[in-house]
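Trainee: Next up, upload-v3.csv (CSV, C-alpha atoms).
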chain,number,residue,atom,x,y,z
A,27,MET,CA,100.6,83.0,81.7
A,28,THR,CA,101.0,79.5,83.1
A,29,LYS,CA,99.2,78.2,86.2
A,30,GLU,CA,102.5,78.1,88.0
A,31,THR,CA,103.1,81.8,87.2
A,32,ASN,CA,99.6,82.6,88.5
A,33,ARG,CA,100.2,80.6,91.6
A,34,ILE,CA,103.5,82.3,92.3
A,35,LYS,CA,102.0,85.7,91.8
A,36,GLN,CA,99.0,84.9,94.0
A,37,ASN,CA,101.3,83.7,96.8
A,38,PHE,CA,103.2,87.0,96.5
A,39,ILE,CA,100.0,89.0,96.7
A,40,GLU,CA,98.8,87.1,99.7
A,41,GLY,CA,102.2,87.4,101.4
A,42,LEU,CA,102.2,91.2,101.0
A,43,SER,CA,98.6,91.3,102.3
A,44,HIS,CA,99.7,89.6,105.5
A,45,ILE,CA,102.7,91.9,105.9
A,46,SER,CA,100.3,94.8,105.4
A,47,ARG,CA,98.1,93.5,108.3
A,48,PHE,CA,101.1,93.1,110.4
A,49,TRP,CA,101.9,96.8,110.1
A,50,GLY,CA,98.3,97.7,111.0
A,51,LEU,CA,97.1,98.4,107.4
A,52,PRO,CA,94.2,96.8,105.6
A,53,LYS,CA,95.1,93.6,103.7
A,54,GLY,CA,93.9,95.4,100.5
A,55,VAL,CA,96.8,97.9,100.8
A,56,GLY,CA,99.3,95.1,100.7
A,57,ALA,CA,97.5,93.2,97.9
A,58,LEU,CA,97.2,96.3,95.7
A,59,PHE,CA,100.9,97.2,96.2
A,60,ALA,CA,101.8,93.7,95.3
A,61,VAL,CA,99.7,93.7,92.1
A,62,LEU,CA,101.2,97.0,91.1
A,63,TYR,CA,104.7,96.0,92.0
A,64,ILE,CA,104.7,92.9,89.8
A,65,SER,CA,103.0,94.7,86.9
A,66,PRO,CA,105.3,95.7,84.1
A,67,ALA,CA,102.9,98.6,83.2
A,68,PRO,CA,100.6,101.0,85.1
A,69,LEU,CA,97.1,99.6,85.9
A,70,SER,CA,93.7,101.3,85.9
A,71,LEU,CA,91.3,100.9,88.8
A,72,ASP,CA,89.3,98.4,86.8
A,73,GLU,CA,92.4,96.3,86.1
A,74,LEU,CA,93.3,96.5,89.8
A,75,VAL,CA,89.8,95.3,90.7
A,76,SER,CA,90.1,92.3,88.4
A,77,GLN,CA,93.6,91.4,89.5
A,78,SER,CA,93.2,91.9,93.2
A,79,GLY,CA,89.6,90.6,93.7
A,80,LEU,CA,88.8,93.7,95.8
A,81,THR,CA,85.7,95.9,95.2
A,82,LYS,CA,86.1,99.1,93.2
A,83,GLY,CA,85.5,101.1,96.4
A,84,ALA,CA,88.1,99.2,98.3
A,85,VAL,CA,90.6,99.6,95.5
A,86,SER,CA,90.0,103.3,95.2
A,87,THR,CA,90.3,103.9,99.0
A,88,ASN,CA,93.4,101.7,99.3
A,89,VAL,CA,95.1,103.2,96.3
A,90,ARG,CA,94.7,106.7,97.8
A,91,ALA,CA,96.3,105.4,101.0
A,92,LEU,CA,99.2,104.0,99.1
A,93,ALA,CA,99.6,107.2,97.1
A,94,ARG,CA,99.6,109.3,100.4
A,95,MET,CA,102.4,107.0,101.7
A,96,GLY,CA,104.3,107.5,98.5
A,97,LEU,CA,104.2,103.8,97.6
A,98,VAL,CA,102.2,104.3,94.3
A,99,ARG,CA,101.9,107.1,91.9
A,100,ARG,CA,99.2,108.1,89.5
A,101,SER,CA,99.9,108.3,85.7
A,102,THR,CA,97.8,108.9,82.6
A,103,LYS,CA,97.8,107.7,79.1
A,104,LEU,CA,97.4,110.1,76.2
A,105,GLY,CA,93.8,110.0,74.9
A,106,ASP,CA,92.6,108.0,77.9
A,107,ARG,CA,90.6,109.7,80.7
A,108,LYS,CA,91.3,106.9,83.2
A,109,ASP,CA,93.9,107.2,85.9
A,110,TYR,CA,96.6,104.6,86.0
A,111,TYR,CA,98.7,103.6,88.9
A,112,GLU,CA,102.2,102.2,89.3
A,113,ALA,CA,104.2,101.0,92.3
A,114,GLU,CA,107.2,103.0,93.6
A,115,THR,CA,110.2,100.8,93.2
A,116,ASP,CA,112.7,103.1,94.8
A,117,PHE,CA,112.2,102.0,98.4
A,118,TYR,CA,114.5,104.7,99.8
A,119,LYS,CA,112.2,107.3,98.2
A,120,ALA,CA,109.2,105.5,99.7
A,121,ILE,CA,110.8,105.5,103.2
A,122,ARG,CA,111.5,109.2,102.9
A,123,SER,CA,107.9,109.8,101.9
A,124,ILE,CA,106.6,107.7,104.8
A,125,LEU,CA,108.9,109.5,107.3
A,126,GLY,CA,107.8,112.8,105.7
A,127,GLU,CA,104.3,111.9,106.9
A,128,ARG,CA,105.8,112.4,110.3
A,129,GLN,CA,105.7,116.1,109.6
A,130,ASN,CA,101.9,115.9,109.5
A,131,ARG,CA,100.2,118.4,111.9
A,132,GLU,CA,97.9,115.7,113.3
A,133,PHE,CA,100.9,113.6,114.3
A,134,ASP,CA,102.5,116.7,115.8
A,135,ARG,CA,99.4,117.3,117.9
A,136,ALA,CA,99.4,113.7,119.1
A,137,ILE,CA,103.1,114.0,120.1
A,138,GLN,CA,102.3,117.3,121.9
A,139,SER,CA,99.5,115.7,123.9
A,140,VAL,CA,102.0,113.1,125.1
A,141,LYS,CA,104.4,115.8,126.2
A,142,GLU,CA,101.5,117.7,127.9
A,143,THR,CA,100.5,114.6,129.7
A,144,LEU,CA,104.0,114.1,131.0
A,145,ASP,CA,104.1,117.7,132.2
A,146,LYS,CA,100.8,117.3,134.0
A,147,LEU,CA,102.0,114.2,135.7
A,148,GLU,CA,105.2,115.9,136.8
A,149,ALA,CA,103.0,118.8,138.2
A,150,ALA,CA,100.7,116.4,140.0
A,151,LYS,CA,103.3,115.3,142.5
A,152,GLY,CA,101.5,115.1,145.9
A,153,SER,CA,98.0,115.3,144.5
A,154,MET,CA,97.7,111.7,143.3
A,155,ASP,CA,98.9,108.2,144.3
A,156,GLU,CA,102.7,108.4,143.9
A,157,ALA,CA,103.1,104.8,142.8
A,158,GLU,CA,100.4,105.3,140.1
A,159,ARG,CA,102.0,108.6,139.0
A,160,LYS,CA,105.4,107.1,138.7
A,161,PHE,CA,104.0,104.1,136.7
A,162,LEU,CA,102.2,106.5,134.3
A,163,ILE,CA,105.3,108.7,133.9
A,164,GLN,CA,107.4,105.6,133.1
A,165,ARG,CA,104.9,104.3,130.5
A,166,ILE,CA,104.3,107.7,128.9
A,167,GLN,CA,108.0,108.6,128.9
A,168,ALA,CA,108.7,105.3,127.0
A,169,LEU,CA,106.2,106.5,124.3
A,170,GLN,CA,107.8,109.9,124.2
A,171,ASP,CA,111.2,108.3,123.8
A,172,PHE,CA,109.9,106.3,120.9
A,173,PHE,CA,108.4,109.4,119.2
A,174,ASP,CA,111.8,111.2,119.7
A,175,ALA,CA,113.5,108.3,118.1
A,176,ILE,CA,111.2,108.5,115.1
A,177,ASP,CA,111.9,112.2,114.9
A,178,ASN,CA,115.7,111.5,114.9
A,179,LEU,CA,115.3,108.8,112.3
A,180,SER,CA,113.3,111.2,110.1
A,181,ARG,CA,116.0,113.9,110.4
A,182,ALA,CA,118.8,111.4,109.7
A,183,VAL,CA,117.1,110.1,106.6
A,184,THR,CA,116.6,113.6,105.4
A,185,LYS,CA,120.3,114.3,105.9
A,186,LEU,CA,121.3,111.1,104.2
A,187,ASP,CA,119.2,112.1,101.2
A,188,SER,CA,121.7,115.0,100.6
A,189,LEU,CA,124.5,112.4,100.4
A,190,GLY,CA,122.7,110.6,97.5
A,191,LEU,CA,121.4,107.0,97.2
A,192,THR,CA,124.7,105.5,96.0
A,193,THR,CA,126.6,106.8,99.1
A,194,VAL,CA,123.8,105.7,101.4
A,195,GLN,CA,123.9,102.2,99.9
A,196,LYS,CA,127.7,102.0,100.3
A,197,ILE,CA,127.3,103.1,104.0
A,198,LEU,CA,124.6,100.4,104.6
A,199,SER,CA,126.6,97.7,102.9
A,200,ILE,CA,129.5,98.4,105.4
A,201,LEU,CA,127.0,97.8,108.2
A,202,LYS,CA,126.0,94.3,107.0
Output the structure of this file as structure tokens.
Mentor:
Amino acid sequence: MTKETNRIKQNFIEGLSHISRFWGLPKGVGALFAVLYISPAPLSLDELVSQSGLTKGAVSTNVRALARMGLVRRSTKLGDRKDYYEAETDFYKAIRSILGERQNREFDRAIQSVKETLDKLEAAKGSMDEAERKFLIQRIQALQDFFDAIDNLSRAVTKLDSLGLTTVQKILSILK
């Protein structure tokens, strides 16, 4: 591999690290996805450590996070006890997986707490400062609206899945 190839790959890895941080994820998540994405073959944890510069503990933790999001998958090699990992290259499948996390019970509880807060604020009319109550309702309602939009998006993606990837790509190309 040439120095130029190494430099280009390193820039890509650093770029995805920054994107990862932008989305509130550890830089290591982006770096590991980048390493796996540009690898022609699945990589072991040891190979990920050497190619990413992260510690084995960080690699292990971040690979599990990527797997939970559906961005990497584990594989094995016959006669080898090590686990190997490869990047998901079907981004539509990855988005479905990430949106599927929306069905997580913890997320449902968080959404429910927002709704309960709105209900309590509505019921508190007359028992608290009206300007503050209206401000809180406005802010919390905006968050509720966002969560509702995520729910609608999740349902839409699920329905689009039944149309098949080719049909969805055709629909999206019309929108460009």
Trainee: What's the 9 Å shell around Arg47 of chain A, counting all atoms listed in the file, without same-chain residues fewer than 6 positions away, as a list in words?
Mentor: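 What passes the distance filter is Lys53, Val55 and Gly56 of chain A.
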Trainee: Using only C-alpha atoms, which residue out of A:Phe173, A:Phe161, A:Tyr63, A:Phe38 lies closest to Ala113 of chain A?
Mentor: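 Between A:Phe173, A:Phe161, A:Tyr63, A:Phe38, the residue approaching Ala113 of chain A most closely is A:Tyr63.
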Trainee: Considering all atoms listed in the file, return as a count of residues only whatever protein or nucleic-acid residues lie within 12 Å of Thr87 of chain A, sequence-local ones (same chain, fewer than 3 positions apart) excluded.
Mentor: 16
Trainee: Which residue, A:Ala120, A:Leu42, A:Ile163, A:Val183, has the smallest gap to Val98 of chain A when you use all atoms listed in the file?
Mentor: A:Ala120
Trainee: Which distance in Å separates atom CA of Arg33 of chain A and atom CA of Val89 of chain A, to one decimal?
Mentor: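 Going from atom CA of Arg33 of chain A over to atom CA of Val89 of chain A, I get 23.6 Å.
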Trainee: Atom CA of Ile124 of chain A and atom CA of Gly96 of chain A are how many Å apart?
Mentor: 6.7 Å
Trainee: What is the atom CA of Ile166 of chain A-atom CA of Ala149 of chain A distance in Å, reported with one decimal?
Mentor: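 Pair atom CA of Ile166 of chain A / atom CA of Ala149 of chain A returns 14.5 Å.
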Trainee: Which residue, A:Ser153, A:Ser46, A:Gln164, A:Asn32, has the smallest gap to Ile64 of chain A when you use all atoms listed in the file?
Mentor: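 Residue with the minimum atom-to-atom distance to Ile64 of chain A: A:Asn32.
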Trainee: Give me the residues near Tyr111 of chain A as number ranges by chain, where near means some atom within 12 Å (using all atoms listed in the file) and where sequence neighbours in that chain fewer than 2 positions away do not count.
Mentor: A: 58-59, 61-63, 65-74, 85-86, 88-90, 92-93, 96-103, 108-109, 113-114
Trainee: Save out the residues we just selected, C-alpha atoms, as a PDB file, keeping the file's coordinate frame.
Mentor:
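What landed in part13.pdb:
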ATOM      1  CA  LEU A  58      97.200  96.300  95.700  1.00  0.00           C
ATOM      2  CA  PHE A  59     100.900  97.200  96.200  1.00  0.00           C
ATOM      3  CA  VAL A  61      99.700  93.700  92.100  1.00  0.00           C
ATOM      4  CA  LEU A  62     101.200  97.000  91.100  1.00  0.00           C
ATOM      5  CA  TYR A  63     104.700  96.000  92.000  1.00  0.00           C
ATOM      6  CA  SER A  65     103.000  94.700  86.900  1.00  0.00           C
ATOM      7  CA  PRO A  66     105.300  95.700  84.100  1.00  0.00           C
ATOM      8  CA  ALA A  67     102.900  98.600  83.200  1.00  0.00           C
ATOM      9  CA  PRO A  68     100.600 101.000  85.100  1.00  0.00           C
ATOM     10  CA  LEU A  69      97.100  99.600  85.900  1.00  0.00           C
ATOM     11  CA  SER A  70      93.700 101.300  85.900  1.00  0.00           C
ATOM     12  CA  LEU A  71      91.300 100.900  88.800  1.00  0.00           C
ATOM     13  CA  ASP A  72      89.300  98.400  86.800  1.00  0.00           C
ATOM     14  CA  GLU A  73      92.400  96.300  86.100  1.00  0.00           C
ATOM     15  CA  LEU A  74      93.300  96.500  89.800  1.00  0.00           C
ATOM     16  CA  VAL A  85      90.600  99.600  95.500  1.00  0.00           C
ATOM     17  CA  SER A  86      90.000 103.300  95.200  1.00  0.00           C
ATOM     18  CA  ASN A  88      93.400 101.700  99.300  1.00  0.00           C
ATOM     19  CA  VAL A  89      95.100 103.200  96.300  1.00  0.00           C
ATOM     20  CA  ARG A  90      94.700 106.700  97.800  1.00  0.00           C
ATOM     21  CA  LEU A  92      99.200 104.000  99.100  1.00  0.00           C
ATOM     22  CA  ALA A  93      99.600 107.200  97.100  1.00  0.00           C
ATOM     23  CA  GLY A  96     104.300 107.500  98.500  1.00  0.00           C
ATOM     24  CA  LEU A  97     104.200 103.800  97.600  1.00  0.00           C
ATOM     25  CA  VAL A  98     102.200 104.300  94.300  1.00  0.00           C
ATOM     26  CA  ARG A  99     101.900 107.100  91.900  1.00  0.00           C
ATOM     27  CA  ARG A 100      99.200 108.100  89.500  1.00  0.00           C
ATOM     28  CA  SER A 101      99.900 108.300  85.700  1.00  0.00           C
ATOM     29  CA  THR A 102      97.800 108.900  82.600  1.00  0.00           C
ATOM     30  CA  LYS A 103      97.800 107.700  79.100  1.00  0.00           C
ATOM     31  CA  LYS A 108      91.300 106.900  83.200  1.00  0.00           C
ATOM     32  CA  ASP A 109      93.900 107.200  85.900  1.00  0.00           C
ATOM     33  CA  ALA A 113     104.200 101.000  92.300  1.00  0.00           C
ATOM     34  CA  GLU A 114     107.200 103.000  93.600  1.00  0.00           C
TER      35      GLU A 114
END
Trainee: Taking all atoms of segment 135-147 of chain A that the file lists and extending 6 Å past them on each side, where is the centre of the axis-aligned box and how long are its edges? Answer in Å to one decimal, as lines of an AutoDock Vina configuration file.
Mentor:
center_x = 101.9
center_y = 115.4
center_z = 126.8
size_x = 17.0
size_y = 16.6
size_z = 29.8
Trainee: Using only C-alpha atoms, which residue out of A:Thr143, A:Thr28, A:Gln195, A:Ser123 lies closest to Leu162 of chain A?
Mentor: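 Looking at the shortest contact to Leu162 of chain A, the residue is A:Thr143.
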Trainee: Pick the closest to Ile176 of chain A from A:Met95, A:Ile137, A:Leu51, A:Ile200: which is it, counting all atoms listed in the file?
Mentor: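 Among the listed residues, A:Ile137 lies closest to Ile176 of chain A.
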